[in-house]
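File shown: protein.txt (compact mmCIF, C-alpha atoms).
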```
# COMPACT_ATOMS: atom_id res chain seq x y z
CA MET A 291 -46.95 36.82 -89.60
CA ARG A 292 -45.62 33.39 -90.53
CA SER A 293 -46.23 31.23 -87.45
CA VAL A 294 -46.75 27.57 -86.65
CA ILE A 295 -47.95 25.64 -83.62
CA CYS A 296 -46.14 22.79 -81.87
CA THR A 297 -47.77 20.26 -79.56
CA TYR A 298 -47.59 16.60 -78.54
CA CYS A 299 -49.99 13.73 -79.16
CA ASP A 300 -48.21 11.06 -77.15
CA GLY A 301 -50.35 8.26 -75.67
CA ASP A 302 -53.90 9.32 -74.80
CA TYR A 303 -52.87 12.98 -75.08
CA HIS A 304 -53.93 12.69 -78.71
CA TYR A 305 -57.44 13.50 -77.41
CA GLY A 306 -56.17 16.77 -76.00
CA ALA A 307 -54.12 17.56 -79.12
CA ALA A 308 -57.19 17.14 -81.33
CA VAL A 309 -59.33 19.39 -79.14
CA LEU A 310 -56.52 21.97 -78.94
CA ILE A 311 -56.42 22.08 -82.75
CA ASN A 312 -60.21 22.22 -82.97
CA SER A 313 -60.42 25.09 -80.50
CA LEU A 314 -57.72 27.05 -82.33
CA TYR A 315 -59.36 26.42 -85.70
CA TYR A 316 -62.73 27.55 -84.33
CA HIS A 317 -61.12 30.86 -83.36
CA GLY A 318 -59.46 31.51 -86.70
CA PHE A 319 -56.20 29.56 -86.81
CA ARG A 320 -55.15 28.54 -90.30
CA GLY A 321 -51.73 27.06 -90.80
CA THR A 322 -49.50 24.16 -89.77
CA VAL A 323 -49.50 22.23 -86.51
CA TRP A 324 -46.38 20.17 -85.77
CA ALA A 325 -47.31 17.28 -83.49
CA GLY A 326 -44.67 15.14 -81.82
CA TYR A 327 -45.51 11.51 -81.07
CA ARG A 328 -43.82 8.34 -79.84
CA GLN A 329 -44.57 4.91 -81.34
CA THR A 330 -48.28 5.32 -82.17
CA LEU A 331 -50.05 7.89 -84.31
CA PRO A 332 -53.51 9.16 -83.33
CA PRO A 333 -56.39 7.01 -84.62
CA TRP A 334 -58.13 10.08 -86.03
CA ALA A 335 -55.22 10.98 -88.33
CA THR A 336 -55.97 9.10 -91.52
CA PRO A 337 -55.13 9.00 -94.38
CA LEU A 338 -51.54 10.22 -94.02
CA THR A 339 -49.21 11.52 -96.70
CA PRO A 340 -45.45 10.84 -96.25
CA GLY A 341 -43.28 13.96 -96.08
CA ASN A 342 -39.58 14.63 -95.65
CA GLY A 343 -39.12 13.37 -92.09
CA TYR A 344 -42.78 13.71 -91.14
CA GLN A 345 -46.24 12.48 -92.02
CA GLU A 346 -48.91 14.96 -93.05
CA TRP A 347 -52.63 14.96 -92.48
CA ILE A 348 -55.16 17.53 -93.66
CA ALA A 349 -57.40 18.37 -90.71
CA ALA A 350 -59.51 20.94 -92.56
CA GLU A 351 -59.24 23.54 -95.27
CA GLY A 352 -56.20 25.63 -94.42
CA CYS A 353 -55.16 23.46 -91.44
CA VAL A 354 -52.40 20.86 -91.83
CA VAL A 355 -51.07 18.58 -89.09
CA ARG A 356 -47.54 17.22 -89.53
CA PHE A 357 -46.52 14.36 -87.27
CA VAL A 358 -42.88 13.99 -86.21
CA GLU A 359 -41.74 10.86 -84.39
CA LEU A 360 -39.79 11.67 -81.23
CA LYS A 361 -37.14 9.05 -80.51
CA THR A 362 -36.45 9.97 -76.91
CA THR A 363 -37.16 8.39 -73.54
CA MET A 364 -36.98 11.76 -71.81
CA PRO A 365 -40.23 13.09 -70.31
CA LEU A 366 -41.69 15.23 -73.08
CA SER A 367 -42.05 18.18 -70.72
CA LEU A 368 -38.23 18.25 -70.51
CA TYR A 369 -37.85 17.62 -74.25
CA ARG A 370 -39.91 20.71 -75.08
CA PRO A 371 -37.10 23.16 -76.08
CA THR A 372 -35.37 20.43 -78.12
CA PHE A 373 -38.59 19.69 -80.01
CA ILE A 374 -39.31 23.36 -80.73
CA LEU A 375 -35.74 23.85 -81.97
CA GLN A 376 -36.06 20.78 -84.19
CA ILE A 377 -39.14 22.20 -85.86
CA TRP A 378 -37.61 25.65 -86.27
CA ASN A 379 -34.20 24.52 -87.54
CA THR A 380 -35.10 21.43 -89.57
CA TYR A 381 -38.54 22.12 -90.98
CA GLU A 382 -39.46 25.81 -90.61
CA PRO A 383 -36.31 27.98 -90.79
CA ASP A 384 -38.18 31.00 -92.16
CA LEU A 385 -40.67 31.38 -89.32
CA GLU A 386 -41.32 34.76 -87.74
CA SER A 387 -42.64 33.12 -84.56
CA ILE A 388 -43.49 29.74 -83.10
CA PHE A 389 -46.03 28.72 -80.45
CA PHE A 390 -46.00 25.69 -78.20
CA PHE A 391 -49.21 24.48 -76.54
CA ASP A 392 -49.44 21.50 -74.21
CA PRO A 393 -52.13 19.08 -75.45
CA ASN A 394 -54.14 19.71 -72.30
CA ILE A 395 -54.62 23.40 -73.12
CA PHE A 396 -57.69 24.55 -75.02
CA ASN A 397 -57.99 27.91 -76.71
CA ARG A 398 -60.65 30.51 -75.91
CA CYS A 399 -59.65 33.57 -77.95
CA SER A 400 -59.00 34.80 -81.47
CA TRP A 401 -55.88 33.55 -83.23
CA ASP A 402 -55.20 37.16 -84.16
CA PHE A 403 -54.69 37.87 -80.45
CA TYR A 404 -51.73 35.45 -80.34
CA GLN A 405 -50.24 36.88 -83.52
CA ARG A 406 -50.29 40.38 -82.07
CA TRP A 407 -49.18 39.16 -78.62
CA VAL A 408 -45.94 37.54 -79.79
CA LYS A 409 -44.90 40.71 -81.63
CA ARG A 410 -44.48 42.35 -78.23
CA GLY A 411 -42.06 39.74 -76.84
CA ILE A 412 -41.92 36.17 -75.56
CA ALA A 413 -45.56 35.34 -74.75
CA LEU A 414 -46.11 33.69 -71.36
CA CYS A 415 -48.86 32.84 -68.86
CA GLY A 416 -48.47 32.92 -65.11
CA ASP A 417 -48.49 29.63 -63.25
CA SER A 418 -50.80 28.80 -60.36
CA TRP A 419 -47.67 29.33 -58.18
CA TYR A 420 -47.39 32.86 -59.51
CA HIS A 421 -45.87 35.32 -57.07
CA VAL A 422 -42.24 34.28 -56.60
CA PRO A 423 -40.33 37.49 -55.78
CA ALA A 424 -36.74 38.15 -56.75
CA ASP A 425 -35.59 37.56 -53.16
CA HIS A 426 -37.49 34.28 -52.74
CA PRO A 427 -35.04 31.65 -51.40
CA ARG A 428 -35.81 29.25 -54.24
CA ARG A 429 -35.26 31.90 -56.91
CA LEU A 430 -32.00 32.94 -55.26
CA ALA A 431 -30.92 29.28 -55.30
CA TRP A 432 -31.66 29.04 -59.04
CA LYS A 433 -29.59 32.16 -59.59
CA GLU A 434 -26.70 30.69 -57.60
CA PHE A 435 -26.89 27.50 -59.64
CA ALA A 436 -26.81 29.47 -62.92
CA GLU A 437 -23.83 31.56 -61.78
CA SER A 438 -21.98 28.41 -60.72
CA GLN A 439 -22.38 27.24 -64.32
CA GLY A 440 -20.95 30.45 -65.74
CA PHE A 441 -24.22 32.19 -66.62
CA VAL A 442 -25.01 35.81 -65.78
CA CYS A 443 -28.39 36.96 -64.47
CA GLU A 444 -29.72 39.70 -66.75
CA ARG A 445 -32.78 40.66 -64.70
CA GLU A 446 -34.82 40.00 -61.62
CA LEU A 447 -38.32 38.61 -61.94
CA ASN A 448 -41.15 38.42 -59.43
CA HIS A 449 -43.47 36.02 -61.22
CA TYR A 450 -43.30 32.34 -62.18
CA TYR A 451 -44.56 31.19 -65.58
CA ASN A 452 -46.15 27.98 -66.78
CA ASP A 453 -44.23 26.27 -69.58
CA GLY A 454 -47.32 24.58 -71.04
CA PHE A 455 -47.61 27.55 -73.38
CA ILE A 456 -45.00 29.81 -74.91
CA GLY A 457 -44.89 32.04 -77.96
CA ILE A 458 -41.41 32.89 -79.25
CA PRO A 459 -40.61 35.57 -81.83
CA TRP A 460 -37.73 34.89 -84.22
CA ARG A 461 -35.45 37.39 -82.47
CA SER A 462 -35.64 35.28 -79.27
CA GLN A 463 -34.95 31.90 -80.86
CA SER A 464 -31.63 31.58 -79.00
CA MET A 465 -33.46 31.34 -75.65
CA LEU A 466 -34.36 27.78 -76.63
CA LEU A 467 -30.69 26.81 -76.68
CA LEU A 468 -30.21 28.24 -73.19
CA TRP A 469 -33.37 26.52 -71.89
CA GLN A 470 -32.10 23.24 -73.33
CA LYS A 471 -28.63 23.76 -71.85
CA LEU A 472 -29.97 24.48 -68.35
CA ILE A 473 -31.91 21.20 -68.40
CA GLU A 474 -28.76 19.34 -69.43
CA ARG A 475 -26.60 21.06 -66.79
CA ALA A 476 -29.15 20.48 -64.01
CA ALA A 477 -29.35 16.80 -64.97
CA ALA A 478 -25.55 16.46 -65.11
CA GLU A 479 -25.28 17.90 -61.60
CA GLY A 480 -27.92 15.49 -60.32
CA PHE A 481 -30.51 18.20 -59.70
CA LEU A 482 -32.92 16.98 -62.38
CA ASN A 483 -33.89 13.42 -63.26
CA LEU A 484 -34.27 12.89 -67.02
CA THR A 485 -36.42 9.79 -66.58
CA ASP A 486 -38.63 10.90 -63.68
CA ILE A 487 -39.07 14.64 -63.19
CA TYR A 488 -40.75 14.10 -59.83
CA ALA A 489 -38.08 11.78 -58.40
CA THR A 490 -37.83 12.30 -54.64
CA ASN A 491 -34.05 12.72 -54.72
CA THR A 492 -34.34 15.87 -56.88
CA THR A 493 -37.55 17.60 -55.84
CA ASP A 494 -36.53 18.95 -52.43
CA PRO A 495 -32.75 19.42 -52.11
CA TYR A 496 -30.93 22.63 -52.97
CA PRO A 497 -30.99 24.23 -55.54
CA TYR A 498 -34.70 23.32 -55.70
CA PHE A 499 -34.92 22.28 -59.34
CA PRO A 500 -38.12 20.28 -58.97
CA HIS A 501 -39.41 19.97 -62.53
CA ASP A 502 -39.41 21.18 -66.11
CA GLN A 503 -40.78 24.67 -65.45
CA THR A 504 -37.85 25.75 -63.31
CA ALA A 505 -35.49 25.63 -66.29
CA LEU A 506 -37.76 27.92 -68.30
CA ASN A 507 -38.13 30.39 -65.46
CA LEU A 508 -34.39 30.46 -64.88
CA THR A 509 -33.87 30.99 -68.62
CA LEU A 510 -36.06 34.09 -68.44
CA MET A 511 -33.78 35.46 -65.68
CA LEU A 512 -30.70 34.97 -67.87
CA ILE A 513 -31.85 36.72 -71.05
CA PRO A 514 -32.60 40.40 -71.75
CA ASP A 515 -35.32 39.68 -74.34
CA ALA A 516 -38.66 41.45 -74.09
CA LEU A 517 -41.45 39.51 -72.39
CA SER A 518 -45.20 39.94 -72.75
CA THR A 519 -46.98 38.20 -69.91
CA VAL A 520 -50.42 37.59 -68.46
CA GLY A 521 -51.31 36.25 -65.02
CA PRO A 522 -52.70 32.86 -63.97
CA ASP A 523 -56.10 33.92 -65.37
CA GLY A 524 -54.51 33.41 -68.80
CA MET A 525 -54.84 29.64 -68.24
CA ASP A 526 -58.00 29.76 -66.12
CA PHE A 527 -56.04 29.07 -62.94
CA LEU A 528 -57.93 32.10 -61.60
CA PRO A 529 -61.42 33.35 -62.56
CA GLY A 530 -61.83 35.97 -65.25
CA GLY A 531 -59.67 34.47 -67.99
CA THR A 532 -60.44 34.82 -71.69
CA ILE A 533 -57.33 33.40 -73.41
CA MET A 534 -56.94 29.66 -72.80
CA SER A 535 -57.83 26.95 -70.32
CA HIS A 536 -55.32 24.45 -68.91
CA ALA A 537 -56.19 21.04 -67.48
CA ALA A 538 -52.99 20.92 -65.45
CA VAL A 539 -53.72 18.04 -63.05
CA SER A 540 -52.69 14.73 -64.65
CA GLN A 541 -55.39 12.64 -62.93
CA ALA A 542 -58.12 15.02 -64.06
CA LYS A 543 -57.71 15.35 -67.81
CA PRO A 544 -61.16 15.96 -69.33
CA TRP A 545 -61.01 12.83 -71.49
CA ARG A 546 -60.24 10.67 -68.44
CA LYS A 547 -62.45 12.19 -65.78
CA PRO A 548 -65.48 10.23 -64.50
CA PHE A 549 -67.73 13.27 -64.05
CA ILE A 550 -70.49 11.75 -61.95
CA ARG A 551 -68.15 9.99 -59.52
CA SER A 552 -65.96 13.09 -59.24
CA ALA A 553 -69.01 15.26 -58.56
CA LEU A 554 -70.17 12.90 -55.81
CA GLN A 555 -66.72 13.38 -54.25
CA GLY A 556 -67.20 17.15 -54.31
CA MET A 557 -65.36 17.92 -57.56
CA ALA A 558 -67.79 19.30 -60.12
CA PRO A 559 -66.84 19.60 -63.81
CA THR A 560 -64.59 22.59 -64.44
CA LEU A 561 -64.68 25.25 -67.12
CA THR A 562 -61.79 23.39 -68.79
CA ASP A 563 -63.81 20.16 -68.84
CA LYS A 564 -66.74 21.92 -70.50
CA LEU A 565 -64.49 23.61 -73.04
CA PHE A 566 -62.92 20.28 -74.00
CA TRP A 567 -66.29 18.66 -74.71
CA GLN A 568 -67.41 21.66 -76.78
CA HIS A 569 -64.60 21.05 -79.28
CA THR A 570 -64.35 17.30 -79.84
CA GLN A 571 -65.99 17.02 -83.25
CA GLN A 572 -64.91 19.79 -85.66
CA PRO A 573 -62.83 19.79 -87.71
CA ILE A 574 -61.26 16.69 -86.11
CA ARG A 575 -63.88 14.14 -85.10
CA VAL A 576 -62.56 12.50 -81.95
CA TYR A 577 -65.64 10.58 -80.73
CA SER A 578 -68.62 8.82 -82.23
CA THR A 579 -71.98 10.56 -81.83
CA ALA A 580 -73.09 7.99 -79.25
CA ALA A 581 -69.89 8.33 -77.18
CA LEU A 582 -70.13 12.11 -77.27
CA ARG A 583 -73.76 12.11 -76.11
CA TRP A 584 -72.95 9.77 -73.23
CA LYS A 585 -70.02 11.92 -72.06
CA GLN A 586 -72.12 15.08 -72.36
CA LEU A 587 -74.84 13.44 -70.29
CA THR A 588 -72.35 12.54 -67.54
CA LEU A 589 -70.92 16.06 -67.74
CA TYR A 590 -74.33 17.71 -67.31
CA THR A 591 -75.22 15.28 -64.52
CA GLY A 592 -71.94 15.96 -62.78
CA ALA A 593 -72.54 19.71 -63.07
CA ALA A 594 -76.02 19.32 -61.54
CA ILE A 595 -74.66 17.25 -58.64
CA GLY A 596 -71.92 19.83 -58.16
CA ARG A 597 -74.49 22.47 -57.29
CA PHE A 598 -75.28 20.57 -54.10
CA ILE A 599 -72.05 18.76 -53.22
CA ARG A 600 -68.84 20.71 -52.94
CA ARG A 601 -65.52 19.84 -51.38
CA SER A 602 -64.84 22.11 -48.42
```

Rewrite the coordinates I just gave you, this time as structure tokens.
Amino acid sequence: MRSVICTYCDGDYHYGAAVLINSLYYHGFRGTVWAGYRQTLPPWATPLTPGNGYQEWIAAEGCVVRFVELKTTMPLSLYRPTFILQIWNTYEPDLESIFFFDPNIFNRCSWDFYQRWVKRGIALCGDSWYHVPADHPRRLAWKEFAESQGFVCERELNHYYNDGFIGIPWRSQSMLLLWQKLIERAAAEGFLNLTDIYATNTTDPYPYFPHDQTALNLTLMLIPDALSTVGPDGMDFLPGGTIMSHAAVSQAKPWRKPFIRSALQGMAPTLTDKLFWQHTQQPIRVYSTAALRWKQLTLYTGAAIGRFIRRS
């Protein structure tokens, strides 16, 4: 199956993007990664070869990273469907499927699993806020908003999905246009802030459109396309996962976290932290040997402290 991956490497998220690519490569991914950036390219991406609207870098044999500059001030979490459409329509019109991974997600399973997964429908992982039944007042409010905009609800859903990962087969490409349109409509009505997704004037009032994930979840209610979903364990939000691991809290990205200090405050290194530091050197070398050893030492020390100090 002809597939590509999309991700971002904006700001210090280039650390996460590199480790995402490394973890996918380790588990068998060979192909093209399209990485959106603003202003500055990652320091590890050199030398670059100019392409037609992108810059290309060979990460390893069979793995190419193509960097596309994103000229938008919109939060990239809201720009996600626009970026995926850009890749599909401008650069990769013959794709059979496309995958988006946030650059704070790290892979744990075989690439073949994803290829088979997306054949069954739009591939999704449950969010930590997972059980949101069809008669939940917030979901009913989203439905009312959609109907006020002329959309028709095609199905009722009982679960809420994280938009940090999505796999889309070619037959469902049009859902990206709807996802994009819902973001635009919500912003036009004042229910979504396109400069600050957590603005206080949009997070609480009806119709409860607090952030980027709501538009995706409403999109899924408005389309009849087949879905193939896993629960929150798919991103390690619950124990027992085997697919991927998501560092969802912005203050606690593995490349930012002071492990010893966090452990002394009762927050031991997580599985996601450990996974990140397992994949920082191959095929993309993100840290010097000395820097890696120091971070591993603080990680192991933090884990040891965490056996005795835990937040209640």

Neighbours of point (-61.6, 13.1, -67.0) within 12 Å, using only C-alpha atoms, written as a ChimeraX atom specification: /A:302-303,305-306,394,537-553,557-560,562-564,566-567,585-586,588-589,592

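For the point (-65.4, 10.2, -81.9), the residues with an atom at a distance of at most 12 Å are Tyr305, Ala308, Val309, Pro333, Trp334, Trp545, Trp567, His569, Thr570, Gln571, Gln572, Pro573, Ile574, Arg575, Val576, Tyr577, Ser578, Thr579, Ala580, Ala581, Leu582, Arg583, Trp584 and Lys585 of chain A, counting all atoms listed in the file.
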
For segment 345-361 of chain A: contacts at 10 Å, all atoms listed in the file, fewer than 6 positions along chain excluded, given as a ChimeraX atom specification: /A:295-300,308,311-312,315,319-332,334-339,369,373,376-377,572-575

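Our summary of the geometry notes that atom CA of Val408 of chain A is positioned 28.6 Å from atom CA of Leu430 of chain A.
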
Gap from atom CA of Ile513 of chain A to atom CA of Leu414 of chain A - Å, one decimal: 14.6 Å

Point-to-point distance from atom CA of Trp407 of chain A to atom CA of Ile473 of chain A, Å rounded to tenths: 26.9 Å

Counting only C-alpha atoms, the option among A:Leu482, A:Met465, A:Ile395, A:Leu510 closest to Asn448 of chain A: A:Leu510

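Closest approach to Leu484 of chain A among A:Met291, A:Arg597, A:Leu468, A:His501 is made by A:His501 (distances from all atoms listed in the file).
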
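Of the listed residues (A:Ile374, A:Leu528, A:Ala593, A:Leu466), A:Leu528 comes nearest to Trp419 of chain A; the distances count only C-alpha atoms.
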
Shell around Trp378 of chain A at 12 Å using all atoms listed in the file, local window under 5 positions removed, as a PyMOL selection string: chain A and resi 292-296+324+371-373+383-390+458-460+463-464+466-467

Kindly compute an axis-aligned box around the listed atoms of segment 466-475 of chain A, allowing 8 Å on each side, and express its centre and edge lengths in Å to one decimal as AutoDock Vina command-line options.
```
--center_x -30.5 --center_y 23.8 --center_z -71.7 --size_x 23.8 --size_y 24.9 --size_z 25.9
```
